[in-house]
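Below is one structure, written out as structure tokens; comments come after it.
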Amino acid sequence: MKSKPLTRAQRTMLHNALTGKPLHQGLRATAVTHRTCSTLQALHRRGLLAGVDHQPTAAGRAVFLPPGT
């Protein structure tokens with residue numbers, strides 16, 4: 001079964017984690033809200049972020065790599 005594509009908020013949050021920016025920067029909800037926490041939890045469930053410091057995993061880094069690398 002193929003997984004669903006990342007939402008815009010999930011891609012933005014994952015990109016922020018990779019570049020060292022605050023995770024909620026660039027999102028519509030700029031504070032820590034239920035929606036922000038839900039997006040963060042979804043990235044953890046998918047295995048793209050790990051740990052209490054929300055560091056990207058190898059799978060998380062692979063999202064932004066060109067295909068075939």
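Chain lettering (A, B, ...) mirrors the order of the structure tokens, residue numbering begins at 1 for each chain separately, and ligand numbering begins at 1 in order of display.
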Discussion item. Using only C-alpha atoms, which protein or nucleic acid residues come within 8 Å of stretch 56-66 of chain A? Drop anything in the same chain fewer than 4 positions from it, and give the result as JSON, numbers by chain.
Written reply: {"A": [14, 17, 18, 47, 48, 49, 50]}
Please save all heavy atoms of the selected residues as a PDB file, in the first residue's frame.
ATOM      1  N   LEU A  14       8.982  19.687   7.963  1.00  0.00           N
ATOM      2  CA  LEU A  14      10.136  18.800   7.762  1.00  0.00           C
ATOM      3  C   LEU A  14      11.317  19.587   7.193  1.00  0.00           C
ATOM      4  O   LEU A  14      12.456  19.406   7.618  1.00  0.00           O
ATOM      5  CB  LEU A  14       9.750  17.650   6.840  1.00  0.00           C
ATOM      6  CG  LEU A  14      10.822  16.610   6.559  1.00  0.00           C
ATOM      7  CD1 LEU A  14      11.313  15.970   7.852  1.00  0.00           C
ATOM      8  CD2 LEU A  14      10.283  15.543   5.617  1.00  0.00           C
ATOM      9  N   ALA A  17      12.913  21.505   9.934  1.00  0.00           N
ATOM     10  CA  ALA A  17      13.725  20.638  10.794  1.00  0.00           C
ATOM     11  C   ALA A  17      15.084  20.363  10.153  1.00  0.00           C
ATOM     12  O   ALA A  17      16.106  20.315  10.838  1.00  0.00           O
ATOM     13  CB  ALA A  17      12.989  19.329  11.067  1.00  0.00           C
ATOM     14  N   LEU A  18      15.103  20.199   8.845  1.00  0.00           N
ATOM     15  CA  LEU A  18      16.354  19.918   8.141  1.00  0.00           C
ATOM     16  C   LEU A  18      17.282  21.136   8.103  1.00  0.00           C
ATOM     17  O   LEU A  18      18.499  20.990   8.139  1.00  0.00           O
ATOM     18  CB  LEU A  18      16.068  19.460   6.710  1.00  0.00           C
ATOM     19  CG  LEU A  18      15.504  18.061   6.573  1.00  0.00           C
ATOM     20  CD1 LEU A  18      14.949  17.840   5.181  1.00  0.00           C
ATOM     21  CD2 LEU A  18      16.581  17.036   6.877  1.00  0.00           C
ATOM     22  N   GLY A  47       7.660   8.310  10.583  1.00  0.00           N
ATOM     23  CA  GLY A  47       9.073   7.979  10.739  1.00  0.00           C
ATOM     24  C   GLY A  47      10.003   8.997  10.114  1.00  0.00           C
ATOM     25  O   GLY A  47      11.155   8.690   9.827  1.00  0.00           O
ATOM     26  N   LEU A  48       9.523  10.206   9.876  1.00  0.00           N
ATOM     27  CA  LEU A  48      10.348  11.239   9.256  1.00  0.00           C
ATOM     28  C   LEU A  48      11.073  12.108  10.276  1.00  0.00           C
ATOM     29  O   LEU A  48      12.085  12.719   9.964  1.00  0.00           O
ATOM     30  CB  LEU A  48       9.480  12.116   8.340  1.00  0.00           C
ATOM     31  CG  LEU A  48       8.743  11.347   7.231  1.00  0.00           C
ATOM     32  CD1 LEU A  48       7.838  12.278   6.447  1.00  0.00           C
ATOM     33  CD2 LEU A  48       9.715  10.639   6.322  1.00  0.00           C
ATOM     34  N   LEU A  49      10.541  12.166  11.496  1.00  0.00           N
ATOM     35  CA  LEU A  49      11.189  12.851  12.617  1.00  0.00           C
ATOM     36  C   LEU A  49      11.283  11.870  13.770  1.00  0.00           C
ATOM     37  O   LEU A  49      10.457  10.967  13.891  1.00  0.00           O
ATOM     38  CB  LEU A  49      10.381  14.073  13.059  1.00  0.00           C
ATOM     39  CG  LEU A  49      10.283  15.249  12.105  1.00  0.00           C
ATOM     40  CD1 LEU A  49       9.401  16.343  12.711  1.00  0.00           C
ATOM     41  CD2 LEU A  49      11.633  15.813  11.750  1.00  0.00           C
ATOM     42  N   ALA A  50      12.292  12.063  14.624  1.00  0.00           N
ATOM     43  CA  ALA A  50      12.470  11.156  15.763  1.00  0.00           C
ATOM     44  C   ALA A  50      12.962  11.939  16.969  1.00  0.00           C
ATOM     45  O   ALA A  50      13.624  12.973  16.837  1.00  0.00           O
ATOM     46  CB  ALA A  50      13.468  10.056  15.418  1.00  0.00           C
TER      47      ALA A  50
END
Discussion item. Can you tell me, as a PyMOL selection string, which residues in stretch 5-69 of chain A count as helix (DSSP H, G or I) by DSSP?
Written reply: chain A and resi 8-19+34-45+58-62
Practice prompt. Could you please determine the separation between atom CA of A:Thr39 and atom CA of A:Gln10 in Å, to one decimal place?
Written response: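 Computing the Euclidean distance for atom CA of A:Thr39 and atom CA of A:Gln10 yields 6.0 Å.
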Could you tell me, as a short mmCIF file (atom, residue, chain, number, x, y, z; two decimals) with all heavy atoms, in the first residue's frame, which residues of chain A DSSP assigns to strand (DSSP E) when given the backbone?
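The file below, out_7.cif, is the result:
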data_model
loop_
_atom_site.label_atom_id
_atom_site.label_comp_id
_atom_site.auth_asym_id
_atom_site.auth_seq_id
_atom_site.Cartn_x
_atom_site.Cartn_y
_atom_site.Cartn_z
N LEU A 49 10.54 12.17 11.50
CA LEU A 49 11.19 12.85 12.62
C LEU A 49 11.28 11.87 13.77
O LEU A 49 10.46 10.97 13.89
CB LEU A 49 10.38 14.07 13.06
CG LEU A 49 10.28 15.25 12.10
CD1 LEU A 49 9.40 16.34 12.71
CD2 LEU A 49 11.63 15.81 11.75
N ALA A 50 12.29 12.06 14.62
CA ALA A 50 12.47 11.16 15.76
C ALA A 50 12.96 11.94 16.97
O ALA A 50 13.62 12.97 16.84
CB ALA A 50 13.47 10.06 15.42
N GLN A 55 14.43 15.59 15.54
CA GLN A 55 15.47 15.55 14.52
C GLN A 55 15.02 14.69 13.33
O GLN A 55 14.38 13.67 13.51
CB GLN A 55 16.77 14.99 15.10
CG GLN A 55 17.41 15.89 16.13
CD GLN A 55 17.77 17.23 15.55
OE1 GLN A 55 18.40 17.31 14.50
NE2 GLN A 55 17.36 18.29 16.20
N PRO A 56 15.35 15.11 12.11
CA PRO A 56 14.96 14.32 10.94
C PRO A 56 15.70 12.99 10.87
O PRO A 56 16.88 12.91 11.22
CB PRO A 56 15.33 15.20 9.75
CG PRO A 56 16.07 16.36 10.29
CD PRO A 56 16.01 16.35 11.76
#
Worksheet item: Separation of atom CA of A:Lys21 and atom CA of A:Arg45, in Å?
Response: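 Computed distance, atom CA of A:Lys21 to atom CA of A:Arg45, equals 21.1 Å.
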Practice prompt. Quote the spacing between atom CA of A:Pro22 and atom CA of A:Pro67 in Å to one decimal place.
Written response: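 Atom-to-atom, atom CA of A:Pro22 to atom CA of A:Pro67, that is 27.0 Å.
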Item to complete: For stretch 23-33 of chain A, list every protein, DNA or RNA residue within 9 Å, evaluated using only C-alpha atoms, and leave out those in the same chain fewer than 6 positions away; present the list as a VMD selection string.
Response: chain A and resid 8 to 9 12 to 17 40 54
